[in-house]
$ cat final.txt   # compact mmCIF, C-alpha atoms
# COMPACT_ATOMS: atom_id res chain seq x y z
CA MET A 100 -0.95 38.98 -1.49
CA GLU A 101 2.28 40.44 -2.79
CA LYS A 102 5.77 39.21 -2.04
CA LEU A 103 7.57 41.29 0.59
CA ASP A 104 11.16 42.47 0.23
CA VAL A 105 13.65 40.44 2.23
CA ALA A 106 14.63 43.62 4.12
CA VAL A 107 11.01 44.11 5.19
CA VAL A 108 10.67 40.49 6.29
CA THR A 109 13.96 40.65 8.21
CA ALA A 110 12.85 43.81 10.00
CA GLU A 111 9.57 42.14 10.97
CA LEU A 112 11.35 39.04 12.27
CA GLU A 113 13.52 41.20 14.52
CA GLN A 114 10.33 42.04 16.42
CA MET A 115 9.68 38.34 16.94
CA ASN A 116 11.44 35.50 18.68
CA GLY A 117 13.23 32.59 17.05
CA TRP A 118 12.06 32.93 13.44
CA THR A 119 14.67 32.78 10.71
CA LEU A 120 14.40 33.38 6.97
CA GLU A 121 15.94 30.61 4.84
CA ASP A 122 16.73 30.95 1.13
CA GLY A 123 14.85 34.26 1.19
CA LYS A 124 11.52 32.44 1.11
CA TRP A 125 11.07 30.15 4.10
CA LEU A 126 10.10 31.26 7.61
CA VAL A 127 11.46 28.61 9.99
CA LYS A 128 11.19 28.15 13.75
CA LYS A 129 11.83 25.35 16.23
CA TYR A 130 9.60 25.13 19.31
CA LYS A 131 10.51 23.01 22.33
CA PHE A 132 8.05 21.44 24.78
CA LEU A 133 8.17 19.67 28.11
CA THR A 134 6.35 16.62 26.78
CA PHE A 135 5.42 14.93 23.51
CA ALA A 136 1.77 15.38 24.49
CA ASN A 137 2.28 19.15 24.67
CA ALA A 138 4.04 19.13 21.31
CA MET A 139 1.03 17.32 19.80
CA GLN A 140 -1.45 19.75 21.37
CA PHE A 141 0.50 22.63 19.85
CA VAL A 142 0.56 20.94 16.44
CA ASN A 143 -3.21 20.58 16.59
CA GLU A 144 -3.54 24.30 17.34
CA VAL A 145 -1.23 25.07 14.43
CA ALA A 146 -3.40 22.87 12.20
CA THR A 147 -6.54 24.74 13.26
CA ILE A 148 -4.89 28.08 12.45
CA ALA A 149 -3.64 26.71 9.13
CA GLU A 150 -7.12 25.54 8.12
CA ALA A 151 -8.71 28.84 9.19
CA GLU A 152 -6.14 30.83 7.17
CA ASN A 153 -6.08 28.22 4.37
CA HIS A 154 -2.31 28.45 4.59
CA HIS A 155 -0.35 25.41 5.76
CA PRO A 156 3.15 25.23 7.16
CA PHE A 157 5.31 22.15 6.87
CA ILE A 158 5.35 20.60 10.34
CA ALA A 159 8.03 18.31 11.76
CA ILE A 160 7.53 16.62 15.13
CA ASP A 161 10.76 15.26 16.59
CA PHE A 162 9.52 14.01 19.94
CA ARG A 163 9.34 17.19 22.10
CA MET A 164 10.52 19.56 19.35
CA VAL A 165 8.28 20.96 16.63
CA THR A 166 9.68 22.71 13.55
CA LEU A 167 7.43 24.88 11.38
CA ARG A 168 8.36 26.01 7.85
CA LEU A 169 6.12 28.43 5.98
CA THR A 170 6.19 30.13 2.59
CA SER A 171 3.79 31.58 0.02
CA TRP A 172 4.26 29.28 -2.96
CA LYS A 173 2.38 31.45 -5.42
CA VAL A 174 4.72 34.41 -5.05
CA GLY A 175 7.90 32.46 -4.27
CA GLY A 176 8.51 34.30 -1.02
CA ILE A 177 7.00 35.77 2.12
CA THR A 178 3.74 37.75 2.29
CA LYS A 179 1.76 39.50 5.01
CA LEU A 180 -0.25 36.29 5.33
CA ASP A 181 2.90 34.40 6.35
CA LEU A 182 3.75 37.04 8.94
CA ARG A 183 0.20 36.95 10.32
CA CYS A 184 0.30 33.14 10.56
CA VAL A 185 3.65 32.99 12.36
CA ALA A 186 2.38 35.55 14.89
CA GLU A 187 -0.64 33.29 15.48
CA PHE A 188 1.62 30.23 15.90
CA ASP A 189 3.69 32.12 18.47
CA SER A 190 0.54 33.17 20.27
CA ALA A 191 -0.55 29.52 20.49
CA TYR A 192 2.90 28.53 21.77
CA GLY A 193 2.61 31.15 24.52
CA ARG A 194 -0.02 28.98 26.21
CA PHE A 195 2.52 26.17 26.76
CA GLN A 196 5.40 25.86 29.16
CA SER A 197 8.64 25.97 27.20
CA GLY A 198 10.81 22.87 27.08
CA GLU A 199 13.98 24.96 26.63
CA MET B 268 14.79 -5.48 22.80
CA GLU B 269 17.65 -6.68 20.64
CA LYS B 270 18.71 -5.26 17.32
CA LEU B 271 17.52 -7.32 14.37
CA ASP B 272 19.76 -8.24 11.44
CA VAL B 273 19.19 -6.13 8.35
CA ALA B 274 18.29 -9.29 6.42
CA VAL B 275 15.56 -10.08 8.95
CA VAL B 276 14.19 -6.53 8.81
CA THR B 277 14.24 -6.53 5.00
CA ALA B 278 12.36 -9.83 4.91
CA GLU B 279 9.73 -8.42 7.29
CA LEU B 280 9.31 -5.27 5.20
CA GLU B 281 8.64 -7.36 2.11
CA GLN B 282 5.44 -8.49 3.83
CA MET B 283 4.41 -4.86 4.27
CA ASN B 284 3.63 -1.96 1.96
CA GLY B 285 5.74 1.12 1.39
CA TRP B 286 8.26 0.83 4.23
CA THR B 287 11.92 1.25 3.40
CA LEU B 288 15.04 0.78 5.53
CA GLU B 289 17.45 3.73 5.43
CA ASP B 290 21.06 3.59 6.65
CA GLY B 291 20.28 0.17 8.11
CA LYS B 292 18.50 1.75 11.06
CA TRP B 293 15.55 3.91 10.00
CA LEU B 294 12.14 2.59 8.97
CA VAL B 295 10.63 5.23 6.68
CA LYS B 296 7.24 5.53 4.99
CA LYS B 297 5.26 8.27 3.28
CA TYR B 298 1.46 8.23 3.60
CA LYS B 299 -0.81 10.29 1.34
CA PHE B 300 -4.26 11.60 2.25
CA LEU B 301 -7.18 13.25 0.49
CA THR B 302 -7.17 16.22 2.86
CA PHE B 303 -4.95 17.95 5.40
CA ALA B 304 -7.64 17.23 8.01
CA ASN B 305 -7.29 13.50 7.34
CA ALA B 306 -3.51 13.77 7.57
CA MET B 307 -3.86 15.43 10.98
CA GLN B 308 -6.33 12.78 12.19
CA PHE B 309 -3.84 10.10 11.21
CA VAL B 310 -1.00 11.92 12.98
CA ASN B 311 -3.09 12.02 16.15
CA GLU B 312 -3.65 8.26 15.89
CA VAL B 313 0.08 7.75 15.39
CA ALA B 314 0.72 9.90 18.48
CA THR B 315 -1.68 7.77 20.54
CA ILE B 316 0.09 4.59 19.43
CA ALA B 317 3.49 6.16 20.13
CA GLU B 318 2.51 7.13 23.67
CA ALA B 319 0.99 3.69 24.35
CA GLU B 320 4.16 1.95 23.13
CA ASN B 321 6.41 4.66 24.60
CA HIS B 322 8.17 4.67 21.25
CA HIS B 323 7.98 7.79 19.09
CA PRO B 324 8.56 8.15 15.36
CA PHE B 325 9.71 11.39 13.79
CA ILE B 326 6.65 12.79 12.03
CA ALA B 327 6.67 15.21 9.10
CA ILE B 328 3.40 16.73 7.86
CA ASP B 329 3.72 18.25 4.39
CA PHE B 330 0.12 19.28 3.77
CA ARG B 331 -1.58 16.02 2.69
CA MET B 332 1.52 13.84 3.00
CA VAL B 333 2.80 12.40 6.27
CA THR B 334 6.27 10.86 6.59
CA LEU B 335 7.11 8.62 9.54
CA ARG B 336 10.69 7.70 10.52
CA LEU B 337 11.30 5.21 13.31
CA THR B 338 14.34 3.64 14.94
CA SER B 339 15.43 2.13 18.25
CA TRP B 340 18.06 4.57 19.48
CA LYS B 341 19.35 2.37 22.27
CA VAL B 342 20.44 -0.44 19.96
CA GLY B 343 21.27 1.70 16.91
CA GLY B 344 18.92 -0.23 14.67
CA ILE B 345 15.55 -1.92 14.28
CA THR B 346 13.88 -4.11 16.91
CA LYS B 347 10.66 -6.10 17.15
CA LEU B 348 9.13 -3.03 18.83
CA ASP B 349 9.74 -0.96 15.67
CA LEU B 350 8.13 -3.65 13.52
CA ARG B 351 5.12 -3.85 15.84
CA CYS B 352 4.72 -0.05 15.77
CA VAL B 353 4.88 0.25 11.99
CA ALA B 354 2.24 -2.47 11.68
CA GLU B 355 0.04 -0.44 14.03
CA PHE B 356 0.63 2.74 12.01
CA ASP B 357 -0.38 0.90 8.83
CA SER B 358 -3.48 -0.43 10.56
CA ALA B 359 -4.47 3.13 11.52
CA TYR B 360 -3.86 4.30 7.93
CA GLY B 361 -6.17 1.56 6.66
CA ARG B 362 -9.13 3.49 8.14
CA PHE B 363 -8.48 6.45 5.80
CA GLN B 364 -9.09 6.85 2.11
CA SER B 365 -5.75 7.04 0.33
CA GLY B 366 -4.73 10.27 -1.35
CA GLU B 367 -2.61 8.42 -3.90
$ encode --input "final.txt" --output "structure tokens"
Amino acid sequence: MEKLDVAVVTAELEQMNGWTLEDGKWLVKKYKFLTFANAMQFVNEVATIAEAENHHPFIAIDFRMVTLRLTSWKVGGITKLDLRCVAEFDSAYGRFQSGE
Amino acid sequence: MEKLDVAVVTAELEQMNGWTLEDGKWLVKKYKFLTFANAMQFVNEVATIAEAENHHPFIAIDFRMVTLRLTSWKVGGITKLDLRCVAEFDSAYGRFQSGE
């Protein structure tokens, strides 16, 4: 997987909801849930996706808020794999009621 | 639950392994695992304990490392409930092989 230009990543993120690019190499998003139990169910779905893709985000669970941070270490930036994974995370989130 | 003196908390932590007190009000520990799957299993056990005690740590999952941070918001410090919870988290960790 090759590293994508920041401009390409930024254009892709504009098609999505809530993802930001930090330091040109981290995709970051905060998800809010109605309950801690929902947050944990989501984290387990994220873990399943991460294992299937063999690509693991950093996950922070702050009660009903989950923050995901993803990068491609080997290339020091964002690849198509990262973009595919974040789309899958968003798809999983779509099955929950938002805690916003 | 009343807030415990820092000296009392520090003395309790000396009986335990790996817990530190930050800013006088956060109990913090990093746990290492052999696999991401083990880390996730542990996090699910922590979540079960947290729901049972109705007391939730902040949880960070960085691949095979899990960091827990716990405080008692209402009193702005550490209570007996925090100490009981961290003992339960350690007990759950004892069922995993360490990734150290």
$ residues_around --input "final.txt" --residues "range 150-154 of chain A" --least-positions-apart "5" --cutoff "10 Å" --atoms "all atoms listed in the file" --output "ChimeraX atom specification"
/A:144-145,169-171,180-181,183-184 /B:303-304,330
$ calpha_fit_and_write --input "final.txt" --fixed "chain A" --moving "chain B" --output "short mmCIF file (atom, residue, chain, number, x, y, z; two decimals) with C-alpha atoms, keeping the file's coordinate frame"
data_model
loop_
_atom_site.label_atom_id
_atom_site.label_comp_id
_atom_site.auth_asym_id
_atom_site.auth_seq_id
_atom_site.Cartn_x
_atom_site.Cartn_y
_atom_site.Cartn_z
CA MET B 268 -0.93 38.96 -1.48
CA GLU B 269 2.31 40.43 -2.77
CA LYS B 270 5.79 39.21 -2.02
CA LEU B 271 7.57 41.30 0.59
CA ASP B 272 11.16 42.47 0.22
CA VAL B 273 13.66 40.45 2.22
CA ALA B 274 14.64 43.61 4.10
CA VAL B 275 11.02 44.12 5.17
CA VAL B 276 10.68 40.50 6.28
CA THR B 277 13.97 40.64 8.20
CA ALA B 278 12.86 43.81 9.98
CA GLU B 279 9.57 42.14 10.95
CA LEU B 280 11.35 39.05 12.27
CA GLU B 281 13.52 41.21 14.51
CA GLN B 282 10.33 42.06 16.41
CA MET B 283 9.67 38.35 16.93
CA ASN B 284 11.44 35.49 18.68
CA GLY B 285 13.21 32.59 17.05
CA TRP B 286 12.05 32.94 13.44
CA THR B 287 14.67 32.79 10.72
CA LEU B 288 14.41 33.39 6.96
CA GLU B 289 15.93 30.61 4.84
CA ASP B 290 16.72 30.95 1.13
CA GLY B 291 14.84 34.25 1.17
CA LYS B 292 11.51 32.44 1.12
CA TRP B 293 11.05 30.13 4.11
CA LEU B 294 10.10 31.26 7.61
CA VAL B 295 11.46 28.61 9.98
CA LYS B 296 11.19 28.15 13.74
CA LYS B 297 11.83 25.35 16.22
CA TYR B 298 9.60 25.13 19.31
CA LYS B 299 10.51 23.01 22.34
CA PHE B 300 8.06 21.44 24.77
CA LEU B 301 8.18 19.66 28.12
CA THR B 302 6.35 16.61 26.78
CA PHE B 303 5.43 14.94 23.50
CA ALA B 304 1.77 15.38 24.49
CA ASN B 305 2.27 19.15 24.67
CA ALA B 306 4.03 19.12 21.31
CA MET B 307 1.04 17.32 19.79
CA GLN B 308 -1.44 19.75 21.38
CA PHE B 309 0.50 22.62 19.85
CA VAL B 310 0.56 20.93 16.44
CA ASN B 311 -3.22 20.57 16.59
CA GLU B 312 -3.53 24.29 17.35
CA VAL B 313 -1.23 25.07 14.43
CA ALA B 314 -3.41 22.85 12.21
CA THR B 315 -6.54 24.74 13.29
CA ILE B 316 -4.90 28.07 12.46
CA ALA B 317 -3.65 26.70 9.13
CA GLU B 318 -7.12 25.54 8.11
CA ALA B 319 -8.71 28.84 9.19
CA GLU B 320 -6.16 30.83 7.17
CA ASN B 321 -6.08 28.22 4.39
CA HIS B 322 -2.31 28.46 4.60
CA HIS B 323 -0.35 25.42 5.76
CA PRO B 324 3.16 25.24 7.17
CA PHE B 325 5.31 22.14 6.87
CA ILE B 326 5.35 20.61 10.35
CA ALA B 327 8.03 18.31 11.75
CA ILE B 328 7.52 16.62 15.13
CA ASP B 329 10.75 15.26 16.59
CA PHE B 330 9.51 14.01 19.95
CA ARG B 331 9.35 17.19 22.08
CA MET B 332 10.52 19.56 19.35
CA VAL B 333 8.28 20.96 16.63
CA THR B 334 9.68 22.71 13.55
CA LEU B 335 7.44 24.89 11.39
CA ARG B 336 8.37 26.01 7.86
CA LEU B 337 6.13 28.43 5.99
CA THR B 338 6.18 30.14 2.61
CA SER B 339 3.81 31.59 0.03
CA TRP B 340 4.26 29.28 -2.95
CA LYS B 341 2.39 31.46 -5.41
CA VAL B 342 4.74 34.42 -5.05
CA GLY B 343 7.92 32.46 -4.27
CA GLY B 344 8.50 34.31 -1.03
CA ILE B 345 7.00 35.78 2.12
CA THR B 346 3.74 37.76 2.28
CA LYS B 347 1.76 39.52 4.99
CA LEU B 348 -0.26 36.29 5.32
CA ASP B 349 2.90 34.39 6.35
CA LEU B 350 3.73 37.04 8.93
CA ARG B 351 0.19 36.95 10.32
CA CYS B 352 0.30 33.14 10.56
CA VAL B 353 3.64 33.00 12.36
CA ALA B 354 2.37 35.54 14.88
CA GLU B 355 -0.63 33.28 15.48
CA PHE B 356 1.61 30.23 15.89
CA ASP B 357 3.69 32.12 18.46
CA SER B 358 0.54 33.17 20.28
CA ALA B 359 -0.56 29.52 20.50
CA TYR B 360 2.91 28.53 21.78
CA GLY B 361 2.63 31.15 24.52
CA ARG B 362 -0.02 28.98 26.22
CA PHE B 363 2.51 26.16 26.75
CA GLN B 364 5.38 25.86 29.16
CA SER B 365 8.63 25.96 27.21
CA GLY B 366 10.81 22.87 27.08
CA GLU B 367 13.95 24.95 26.65
#
$ interface_residues --input "final.txt" --of "chain A" --to "chain B" --cutoff "9 Å" --atoms "only C-alpha atoms" --output "PyMOL selection string"
chain A and resi 135-136+139+142-143+146+150+155-162
$ atom_distance --input "final.txt" --atom1 "CA of Tyr192 in chain A" --atom2 "CA of Tyr130 in chain A"
7.9 Å
$ atom_distance --input "final.txt" --atom1 "CA of Gly176 in chain A" --atom2 "CA of Val108 in chain A"
9.8 Å
$ atom_distance --input "final.txt" --atom1 "CA of Ala306 in chain B" --atom2 "CA of Ala186 in chain A"
23.7 Å
$ residues_near_point --input "final.txt" --point "(-3.1, 8.8, 2.6)" --cutoff "6 Å" --atoms "all atoms listed in the file" --output "count of residues only"
5
$ axis_aligned_box --input "final.txt" --around "range 146-163 of chain A" --padding-each-side "6 Å" --output "lines of an AutoDock Vina configuration file"
center_x = 1.0
center_y = 22.4
center_z = 13.2
size_x = 31.5
size_y = 28.8
size_z = 29.7
